[in-house]
Each structure stands twice: as C-alpha cells, then as structure tokens.
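J.: Structure file final-v1.pdb, PDB, C-alpha atoms, pLDDT in the B column, is pasted below:
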```
ATOM      1  CA  MET A  32     173.545 100.957 139.305  1.00 47.00           C
ATOM      2  CA  THR A  33     170.190  99.438 139.751  1.00 49.00           C
ATOM      3  CA  GLY A  34     169.567  95.897 140.862  1.00 51.00           C
ATOM      4  CA  PRO A  35     168.604  93.142 138.476  1.00 49.00           C
ATOM      5  CA  GLY A  36     164.930  93.364 139.347  1.00 48.00           C
ATOM      6  CA  ALA A  37     164.617  97.156 139.412  1.00 50.00           C
ATOM      7  CA  GLY A  38     163.453  97.540 135.841  1.00 49.00           C
ATOM      8  CA  ALA A  39     161.170  94.521 135.829  1.00 47.00           C
ATOM      9  CA  PRO A  40     157.452  95.382 135.562  1.00 48.00           C
ATOM     10  CA  SER A  41     155.272  94.534 138.507  1.00 48.00           C
ATOM     11  CA  SER A  42     153.283  91.354 137.932  1.00 47.00           C
ATOM     12  CA  ALA A  43     150.437  92.614 140.124  1.00 47.00           C
ATOM     13  CA  SER A  44     149.758  95.718 138.033  1.00 53.00           C
ATOM     14  CA  PRO A  45     148.322  94.000 134.900  1.00 56.00           C
ATOM     15  CA  ASP A  46     146.185  91.719 137.044  1.00 62.00           C
ATOM     16  CA  ARG A  47     144.827  94.632 139.027  1.00 59.00           C
ATOM     17  CA  GLY A  48     144.105  96.611 135.860  1.00 59.00           C
ATOM     18  CA  GLY A  49     142.275  93.629 134.395  1.00 63.00           C
ATOM     19  CA  ARG A  50     140.141  93.268 137.512  1.00 63.00           C
ATOM     20  CA  VAL A  51     139.269  96.974 137.417  1.00 59.00           C
ATOM     21  CA  ARG A  52     138.226  96.773 133.763  1.00 67.00           C
ATOM     22  CA  LEU A  53     136.241  93.604 134.441  1.00 70.00           C
ATOM     23  CA  GLY A  54     134.505  95.317 137.367  1.00 62.00           C
ATOM     24  CA  ARG A  55     133.578  98.303 135.203  1.00 70.00           C
ATOM     25  CA  TRP A  56     132.079  96.091 132.516  1.00 77.00           C
ATOM     26  CA  ARG A  57     130.185  94.128 135.155  1.00 74.00           C
ATOM     27  CA  ASP A  58     128.749  97.346 136.622  1.00 74.00           C
ATOM     28  CA  ARG A  59     127.726  98.539 133.146  1.00 79.00           C
ATOM     29  CA  LEU A  60     125.973  95.250 132.418  1.00 83.00           C
ATOM     30  CA  ILE A  61     124.122  95.445 135.736  1.00 80.00           C
ATOM     31  CA  ALA A  62     123.046  99.036 134.986  1.00 79.00           C
ATOM     32  CA  PHE A  63     122.019  97.979 131.463  1.00 85.00           C
ATOM     33  CA  GLY A  64     119.907  95.132 132.811  1.00 85.00           C
ATOM     34  CA  TRP A  65     118.190  97.334 135.391  1.00 81.00           C
ATOM     35  CA  LEU A  66     117.355  99.962 132.756  1.00 85.00           C
ATOM     36  CA  VAL A  67     115.769  97.328 130.520  1.00 88.00           C
ATOM     37  CA  LEU A  68     113.781  95.929 133.460  1.00 86.00           C
ATOM     38  CA  VAL A  69     112.576  99.371 134.577  1.00 84.00           C
ATOM     39  CA  TRP A  70     111.530 100.226 131.001  1.00 89.00           C
ATOM     40  CA  ASN A  71     109.334  97.110 130.820  1.00 85.00           C
ATOM     41  CA  LEU A  72     107.881  97.715 134.293  1.00 82.00           C
ATOM     42  CA  LEU A  73     106.965 101.280 133.348  1.00 83.00           C
ATOM     43  CA  TRP A  74     105.064  99.988 130.310  1.00 86.00           C
ATOM     44  CA  GLY A  75     103.252  97.505 132.545  1.00 79.00           C
ATOM     45  CA  GLU A  76     104.051  94.351 130.599  1.00 79.00           C
ATOM     46  CA  ILE A  77     106.997  92.402 129.252  1.00 79.00           C
ATOM     47  CA  SER A  78     106.706  91.852 125.513  1.00 85.00           C
ATOM     48  CA  TRP A  79     109.112  91.503 122.600  1.00 89.00           C
ATOM     49  CA  GLY A  80     108.409  95.096 121.548  1.00 88.00           C
ATOM     50  CA  ASN A  81     108.975  96.486 125.045  1.00 86.00           C
ATOM     51  CA  LEU A  82     112.073  94.325 125.442  1.00 89.00           C
ATOM     52  CA  LEU A  83     113.558  95.622 122.190  1.00 93.00           C
ATOM     53  CA  GLY A  84     112.631  99.189 123.101  1.00 91.00           C
ATOM     54  CA  GLY A  85     114.235  98.751 126.525  1.00 89.00           C
ATOM     55  CA  LEU A  86     117.440  97.457 124.957  1.00 92.00           C
ATOM     56  CA  LEU A  87     117.626 100.464 122.624  1.00 94.00           C
ATOM     57  CA  VAL A  88     116.786 102.990 125.343  1.00 90.00           C
ATOM     58  CA  ALA A  89     119.247 101.460 127.819  1.00 88.00           C
ATOM     59  CA  ALA A  90     122.016 101.486 125.203  1.00 90.00           C
ATOM     60  CA  ALA A  91     121.272 105.122 124.312  1.00 89.00           C
ATOM     61  CA  VAL A  92     121.255 106.184 127.974  1.00 85.00           C
ATOM     62  CA  LEU A  93     124.584 104.508 128.701  1.00 83.00           C
ATOM     63  CA  VAL A  94     126.215 105.921 125.553  1.00 85.00           C
ATOM     64  CA  PHE A  95     124.857 109.488 125.459  1.00 84.00           C
ATOM     65  CA  PHE A  96     124.079 110.018 129.156  1.00 78.00           C
ATOM     66  CA  PRO A  97     126.723 108.009 131.001  1.00 73.00           C
ATOM     67  CA  LEU A  98     125.726 107.262 134.552  1.00 63.00           C
ATOM     68  CA  PRO A  99     128.084 107.992 137.446  1.00 63.00           C
ATOM     69  CA  PRO A 100     130.124 104.947 138.445  1.00 61.00           C
ATOM     70  CA  VAL A 101     128.159 102.823 140.908  1.00 55.00           C
ATOM     71  CA  THR A 102     130.237  99.963 142.227  1.00 59.00           C
ATOM     72  CA  PHE A 103     128.388  96.781 143.097  1.00 61.00           C
ATOM     73  CA  GLY A 104     130.234  95.364 146.082  1.00 66.00           C
ATOM     74  CA  GLY A 105     127.470  93.074 147.272  1.00 73.00           C
ATOM     75  CA  ARG A 106     126.459  89.541 146.474  1.00 81.00           C
ATOM     76  CA  LEU A 107     123.274  88.015 145.132  1.00 83.00           C
ATOM     77  CA  ARG A 108     121.375  85.857 147.631  1.00 89.00           C
ATOM     78  CA  LEU A 109     118.647  83.670 146.143  1.00 91.00           C
ATOM     79  CA  GLY A 110     116.737  83.447 149.425  1.00 93.00           C
ATOM     80  CA  GLY A 111     116.750  87.209 149.855  1.00 92.00           C
ATOM     81  CA  LEU A 112     115.711  87.747 146.228  1.00 91.00           C
ATOM     82  CA  LEU A 113     112.811  85.312 146.645  1.00 95.00           C
ATOM     83  CA  ILE A 114     111.619  87.027 149.826  1.00 95.00           C
ATOM     84  CA  PHE A 115     111.912  90.448 148.177  1.00 94.00           C
ATOM     85  CA  GLY A 116     109.946  89.295 145.110  1.00 92.00           C
ATOM     86  CA  VAL A 117     107.135  87.685 147.117  1.00 95.00           C
ATOM     87  CA  ARG A 118     106.770  90.644 149.497  1.00 95.00           C
ATOM     88  CA  PHE A 119     106.869  93.082 146.584  1.00 93.00           C
ATOM     89  CA  VAL A 120     103.993  91.289 144.829  1.00 93.00           C
ATOM     90  CA  VAL A 121     101.979  91.162 148.077  1.00 95.00           C
ATOM     91  CA  GLU A 122     102.478  94.888 148.712  1.00 94.00           C
ATOM     92  CA  LEU A 123     101.719  95.679 145.072  1.00 92.00           C
ATOM     93  CA  VAL A 124      98.367  93.864 145.226  1.00 94.00           C
ATOM     94  CA  ARG A 125      97.464  95.295 148.629  1.00 94.00           C
ATOM     95  CA  ALA A 126      98.342  98.863 147.606  1.00 93.00           C
ATOM     96  CA  SER A 127      96.428  98.516 144.328  1.00 93.00           C
ATOM     97  CA  LEU A 128      93.306  97.399 146.195  1.00 94.00           C
ATOM     98  CA  HIS A 129      93.723 100.274 148.647  1.00 92.00           C
ATOM     99  CA  VAL A 130      94.007 102.878 145.884  1.00 91.00           C
ATOM    100  CA  ALA A 131      91.052 101.318 144.045  1.00 92.00           C
ATOM    101  CA  ARG A 132      88.916 101.513 147.192  1.00 91.00           C
ATOM    102  CA  ILE A 133      89.798 105.205 147.598  1.00 90.00           C
ATOM    103  CA  ALA A 134      88.939 105.886 143.953  1.00 88.00           C
ATOM    104  CA  VAL A 135      85.444 104.387 144.166  1.00 90.00           C
ATOM    105  CA  GLN A 136      84.572 105.715 147.635  1.00 87.00           C
ATOM    106  CA  PRO A 137      82.104 108.556 147.028  1.00 88.00           C
ATOM    107  CA  GLY A 138      82.868 111.925 148.584  1.00 84.00           C
ATOM    108  CA  PHE A 139      86.117 110.815 150.179  1.00 85.00           C
ATOM    109  CA  VAL A 140      89.124 113.128 149.736  1.00 86.00           C
ATOM    110  CA  PRO A 141      92.283 111.421 151.012  1.00 88.00           C
ATOM    111  CA  ARG A 142      94.931 113.386 152.833  1.00 91.00           C
ATOM    112  CA  SER A 143      98.542 112.983 151.781  1.00 93.00           C
ATOM    113  CA  ALA A 144     101.907 113.775 153.311  1.00 94.00           C
ATOM    114  CA  ILE A 145     105.574 113.919 152.385  1.00 95.00           C
ATOM    115  CA  ILE A 146     107.949 112.116 154.719  1.00 95.00           C
ATOM    116  CA  ALA A 147     111.743 112.110 154.857  1.00 95.00           C
ATOM    117  CA  VAL A 148     113.420 108.789 155.556  1.00 96.00           C
ATOM    118  CA  ARG A 149     117.165 108.432 155.950  1.00 95.00           C
ATOM    119  CA  LEU A 150     118.439 105.098 154.680  1.00 95.00           C
ATOM    120  CA  ARG A 151     120.887 103.219 156.859  1.00 93.00           C
ATOM    121  CA  ILE A 152     122.955 102.180 153.823  1.00 92.00           C
ATOM    122  CA  PRO A 153     123.152 105.496 151.904  1.00 90.00           C
ATOM    123  CA  THR A 154     124.998 104.211 148.825  1.00 89.00           C
ATOM    124  CA  ASP A 155     123.982 105.363 145.348  1.00 86.00           C
ATOM    125  CA  LEU A 156     122.917 101.846 144.401  1.00 85.00           C
ATOM    126  CA  ASN A 157     120.776 101.345 147.498  1.00 90.00           C
ATOM    127  CA  LEU A 158     119.179 104.775 147.096  1.00 92.00           C
ATOM    128  CA  ALA A 159     118.303 103.970 143.480  1.00 89.00           C
ATOM    129  CA  LEU A 160     116.963 100.463 144.130  1.00 91.00           C
ATOM    130  CA  THR A 161     114.903 101.488 147.160  1.00 94.00           C
ATOM    131  CA  ALA A 162     113.466 104.527 145.378  1.00 93.00           C
ATOM    132  CA  GLU A 163     112.582 102.436 142.320  1.00 90.00           C
ATOM    133  CA  ALA A 164     110.910  99.704 144.361  1.00 92.00           C
ATOM    134  CA  LEU A 165     108.834 102.247 146.283  1.00 93.00           C
ATOM    135  CA  SER A 166     107.800 104.156 143.149  1.00 90.00           C
ATOM    136  CA  LEU A 167     106.385 101.011 141.553  1.00 89.00           C
ATOM    137  CA  VAL A 168     103.916 100.530 144.428  1.00 91.00           C
ATOM    138  CA  PRO A 169     100.645 102.493 143.987  1.00 90.00           C
ATOM    139  CA  GLY A 170     100.091 105.189 146.599  1.00 89.00           C
ATOM    140  CA  THR A 171     103.758 106.044 147.133  1.00 91.00           C
ATOM    141  CA  LEU A 172     105.909 108.343 145.023  1.00 91.00           C
ATOM    142  CA  ILE A 173     109.490 109.517 145.388  1.00 93.00           C
ATOM    143  CA  VAL A 174     109.480 113.320 145.406  1.00 94.00           C
ATOM    144  CA  GLU A 175     113.198 113.901 145.903  1.00 94.00           C
ATOM    145  CA  VAL A 176     116.395 111.975 146.570  1.00 93.00           C
ATOM    146  CA  ASP A 177     118.947 113.617 148.857  1.00 94.00           C
ATOM    147  CA  ARG A 178     122.114 111.889 147.722  1.00 90.00           C
ATOM    148  CA  ALA A 179     124.397 113.773 150.122  1.00 91.00           C
ATOM    149  CA  GLY A 180     122.232 113.079 153.163  1.00 93.00           C
ATOM    150  CA  GLY A 181     121.122 109.605 152.095  1.00 94.00           C
ATOM    151  CA  ARG A 182     117.438 110.531 152.423  1.00 95.00           C
ATOM    152  CA  LEU A 183     114.353 109.739 150.388  1.00 96.00           C
ATOM    153  CA  TYR A 184     111.411 112.145 150.366  1.00 97.00           C
ATOM    154  CA  VAL A 185     108.315 110.036 149.836  1.00 96.00           C
ATOM    155  CA  HIS A 186     104.760 111.174 149.013  1.00 95.00           C
ATOM    156  CA  VAL A 187     102.277 108.997 150.908  1.00 94.00           C
ATOM    157  CA  LEU A 188      98.566 108.736 150.080  1.00 92.00           C
ATOM    158  CA  ASP A 189      95.683 108.457 152.567  1.00 90.00           C
ATOM    159  CA  VAL A 190      97.288 109.641 155.805  1.00 92.00           C
ATOM    160  CA  ARG A 191      94.807 109.732 158.689  1.00 90.00           C
ATOM    161  CA  GLY A 192      97.117 110.269 161.651  1.00 91.00           C
ATOM    162  CA  PRO A 193     100.632 109.947 163.111  1.00 92.00           C
ATOM    163  CA  ALA A 194     100.341 106.158 163.096  1.00 93.00           C
ATOM    164  CA  ASP A 195     100.098 106.164 159.300  1.00 93.00           C
ATOM    165  CA  LEU A 196     103.276 108.270 159.043  1.00 93.00           C
ATOM    166  CA  THR A 197     105.099 105.832 161.313  1.00 94.00           C
ATOM    167  CA  ALA A 198     103.839 102.892 159.246  1.00 94.00           C
ATOM    168  CA  ALA A 199     104.952 104.587 156.012  1.00 94.00           C
ATOM    169  CA  ARG A 200     108.471 105.131 157.359  1.00 95.00           C
ATOM    170  CA  GLU A 201     108.644 101.533 158.507  1.00 95.00           C
ATOM    171  CA  GLN A 202     107.540 100.408 155.042  1.00 94.00           C
ATOM    172  CA  VAL A 203     110.440 102.324 153.452  1.00 95.00           C
ATOM    173  CA  ARG A 204     112.912 100.815 155.921  1.00 95.00           C
ATOM    174  CA  ALA A 205     111.469  97.345 155.397  1.00 95.00           C
ATOM    175  CA  VAL A 206     111.987  97.673 151.631  1.00 95.00           C
ATOM    176  CA  GLU A 207     115.577  98.763 152.264  1.00 95.00           C
ATOM    177  CA  ARG A 208     116.166  95.801 154.590  1.00 95.00           C
ATOM    178  CA  ARG A 209     114.888  93.333 151.992  1.00 95.00           C
ATOM    179  CA  ILE A 210     117.009  94.894 149.241  1.00 94.00           C
ATOM    180  CA  ILE A 211     120.152  94.734 151.368  1.00 94.00           C
ATOM    181  CA  ALA A 212     119.321  91.152 152.357  1.00 93.00           C
ATOM    182  CA  ALA A 213     118.986  90.288 148.654  1.00 92.00           C
ATOM    183  CA  VAL A 214     121.955  92.080 147.072  1.00 90.00           C
ATOM    184  CA  GLY A 215     123.945  93.765 149.855  1.00 89.00           C
ATOM    185  CA  SER A 216     127.450  92.934 150.979  1.00 88.00           C
ATOM    186  CA  THR A 217     128.145  91.028 154.188  1.00 89.00           C
ATOM    187  CA  ALA A 218     129.227  94.270 155.887  1.00 90.00           C
ATOM    188  CA  GLU A 219     126.016  96.025 154.790  1.00 90.00           C
ATOM    189  CA  VAL A 220     123.837  93.190 156.089  1.00 90.00           C
ATOM    190  CA  ARG A 221     125.677  93.282 159.407  1.00 90.00           C
ATOM    191  CA  ARG A 222     125.324  97.065 159.605  1.00 89.00           C
ATOM    192  CA  MET A 223     121.624  96.899 158.767  1.00 86.00           C
ATOM    193  CA  ARG A 224     121.030  94.494 161.637  1.00 83.00           C
ATOM    194  CA  SER A 225     123.097  96.409 164.197  1.00 83.00           C
ATOM    195  CA  GLU A 226     122.206 100.063 163.560  1.00 72.00           C
ATOM    196  CA  PRO A 227     118.891 101.422 164.889  1.00 66.00           C
ATOM    197  CA  ALA A 228     116.685 103.405 162.533  1.00 61.00           C
ATOM    198  CA  GLU A 229     116.737 107.181 162.981  1.00 60.00           C
ATOM    199  CA  LYS A 230     113.538 108.966 163.922  1.00 55.00           C
ATOM    200  CA  GLU A 231     112.649 111.810 161.595  1.00 55.00           C
ATOM    201  CA  SER A 232     109.813 114.259 161.439  1.00 48.00           C
ATOM    202  CA  SER A 233     107.540 114.599 158.409  1.00 48.00           C
TER     203      SER A 233
END
```
Spit out the file's structure as structure tokens when you get a sec.

T.:
Amino acid sequence: MTGPGAGAPSSASPDRGGRVRLGRWRDRLIAFGWLVLVWNLLWGEISWGNLLGGLLVAAAVLVFFPLPPVTFGGRLRLGGLLIFGVRFVVELVRASLHVARIAVQPGFVPRSAIIAVRLRIPTDLNLALTAEALSLVPGTLIVEVDRAGGRLYVHVLDVRGPADLTAAREQVRAVERRIIAAVGSTAEVRRMRSEPAEKESS
C-alpha cells in the first residue's frame, strides 16, 4: 500500500512550469524588441513606417525562422545602460568623422585588417549584442562569429601598425565590458572584472 501522500501531485511542479513558460515568453519579447530596434537602426531613422515594418519583420522572423533559445539571466542596470549609450554615441560620431576624413583625403588608400577577439563572456546573447554594437560603428564590420570558440572576427579600417591592431582589440573588449555592465548578471560582471583578456594574433 502506498502512503496517504504518495499519489498527491507535487506543488512545486506547476509553479516551476509556470516560471519556465514565463521565462520563455520574456526571452521572446526581448528578442522581438531587439529585432525591431535593429530594423530601425539599419534604416537610419525611427519613424512610424520603419516601426511598423520592424514589427512585421520581427514577427515574421520569430514565427517562420525561430531563433535558438537564448536565456537572459542578467539584470538591467540604468547606470550601465546610460554609460553604454553615451559612449556608443561618442564612438559613432568619432568613427564617422574618421571615415569621412579618409573618404575626402586625396590619393590615400587605407589599409585594413581582420582581427580575432575572444570574448570573456562567450554566451550567445553577449556575442550577438557585441557584434551588433560593433557593426553599427563606421569602420568596423563583423566578418564571422565563432560561436563554439566565443570569438568575433572583425574587419578594421585604416590600420597603420601594430598599435592600431591593439587599439582595435581593446575597443572590442571595451564594448563587451560596457554591455556586461549594462545587462549582464552579477556573476558575469564579477568574471569580467577578474579574468584577464587573452592576447590573440591578427
């Protein structure tokens, strides 16, 4: 014979299932919001038409091309988000002026290079956010994302020597640090501060 409580359903199971479903919907909403934002950034302006188009495109992508599950285990930090936004605008303006100067400089042919940078937090979400932030800055372009190795292969414009390669790698790592400081978990922030950056060749 079984005891009186043997056939009783576990009270923790429904709660856990509800939290899992809630987490999945939260992740989908975050992915939906990022897709809409990226769509408007690619068009270069936020308007009602671009916003509507972004909503339709994001919905179509999530329905017909479902993304792999990316769990958001971090937390939003307003201070980190503010720092990331301000630094992003500063780098955007500076890079735009740099590219414009190259374009109007007569007879100058800039040299370029492709560098490999291994991120210290090689999660899918961090790879995607860092790659997106770098791609939006003129003069840098993501050539390939090594998901297994946690590396970004970045095309850099106007490379004049080893110092420029070092500066480009530090720029990638600085973007990663600001992203983790803005939306990373407590463990990721602690790991980012404690682990030294790996040196890699171009």

J.: Please identify all polymer residues within 12 Å of A:Ser216, counting only C-alpha atoms, omitting same-chain residues fewer than 4 positions from it, and present them as a VMD selection string.

T.: chain A and resid 102 to 108 152 154 156 to 157 210 to 212 220 to 223

J.: Which centre and which edge lengths, in Å to one decimal, describe the axis-aligned box that holds all listed atoms of stretch 62-73 of chain A after 4 Å is added on each side, as JSON?

T.:
```
{"center_x": 115.0, "center_y": 98.2, "center_z": 133.0, "size_x": 24.1, "size_y": 14.1, "size_z": 12.9}
```

J.: Using all atoms listed in the file for the distances, tell me which of A:Phe119, A:Trp79, A:Phe96, A:Phe139 is nearest to A:Glu163.

T.: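 Ranking A:Phe119, A:Trp79, A:Phe96, A:Phe139 by distance to A:Glu163, first place goes to A:Phe119.
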
J.: Using all atoms listed in the file, find all polymer residues with an atom at most 12 Å away from the point (103.5, 106.6, 145.1); report them as a list in words.

T.: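 All residues meeting the 12 Å criterion around (103.5, 106.6, 145.1) are Leu123, Ala126, Ser127, Val130, Ser143, Ala144, Ile145, Ile146, Ala162, Glu163, Ala164, Leu165, Ser166, Leu167, Val168, Pro169, Gly170, Thr171, Leu172, Ile173, Val174, Tyr184, Val185, His186, Val187, Leu188, Asp189, Ala199 and Val203 of chain A.
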
J.: Limited to C-alpha atoms, could you put the picked residues into a file as a JSON list (two decimals), in the frame of the given file?

T.:
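Written output follows (again-v6.json):
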```json
[["chain", "number", "residue", "atom", "x", "y", "z"],
["A", 123, "LEU", "CA", 101.72, 95.68, 145.07],
["A", 126, "ALA", "CA", 98.34, 98.86, 147.61],
["A", 127, "SER", "CA", 96.43, 98.52, 144.33],
["A", 130, "VAL", "CA", 94.01, 102.88, 145.88],
["A", 143, "SER", "CA", 98.54, 112.98, 151.78],
["A", 144, "ALA", "CA", 101.91, 113.78, 153.31],
["A", 145, "ILE", "CA", 105.57, 113.92, 152.38],
["A", 146, "ILE", "CA", 107.95, 112.12, 154.72],
["A", 162, "ALA", "CA", 113.47, 104.53, 145.38],
["A", 163, "GLU", "CA", 112.58, 102.44, 142.32],
["A", 164, "ALA", "CA", 110.91, 99.70, 144.36],
["A", 165, "LEU", "CA", 108.83, 102.25, 146.28],
["A", 166, "SER", "CA", 107.80, 104.16, 143.15],
["A", 167, "LEU", "CA", 106.38, 101.01, 141.55],
["A", 168, "VAL", "CA", 103.92, 100.53, 144.43],
["A", 169, "PRO", "CA", 100.64, 102.49, 143.99],
["A", 170, "GLY", "CA", 100.09, 105.19, 146.60],
["A", 171, "THR", "CA", 103.76, 106.04, 147.13],
["A", 172, "LEU", "CA", 105.91, 108.34, 145.02],
["A", 173, "ILE", "CA", 109.49, 109.52, 145.39],
["A", 174, "VAL", "CA", 109.48, 113.32, 145.41],
["A", 184, "TYR", "CA", 111.41, 112.14, 150.37],
["A", 185, "VAL", "CA", 108.32, 110.04, 149.84],
["A", 186, "HIS", "CA", 104.76, 111.17, 149.01],
["A", 187, "VAL", "CA", 102.28, 109.00, 150.91],
["A", 188, "LEU", "CA", 98.57, 108.74, 150.08],
["A", 189, "ASP", "CA", 95.68, 108.46, 152.57],
["A", 199, "ALA", "CA", 104.95, 104.59, 156.01],
["A", 203, "VAL", "CA", 110.44, 102.32, 153.45]]
```

J.: May I have the protein, DNA and RNA residues with an atom at most 9 Å from (123.2, 106.3, 144.4), counting all atoms listed in the file in the file's coordinates, returned as a VMD selection string?

T.: chain A and resid 99 101 153 to 160 178 181

J.: In Å, rounded to a single decimal, give me how far atom CA of A:Leu113 is from atom CA of A:Ser225.

T.: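 We find that atom CA of A:Ser225 and atom CA of A:Leu113 lie 23.2 Å from each other.
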
J.: Could you please determine the separation between atom CA of A:Arg204 and atom CA of A:Ile77 in Å, to one decimal place?

T.: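 Separation between atom CA of A:Arg204 and atom CA of A:Ile77: 28.6 Å.
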
J.: Using Å and a single decimal, report how far atom CA of A:Val120 sits from atom CA of A:Val135.

T.: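 Interatomic distance here is 22.7 Å.
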
J.: Check what the PyMOL selection byres ((chain A and resi 89) around 9) selects in the file above and give those residues as a ChimeraX atom specification.

T.: /A:62-67,70,84-88,90-94
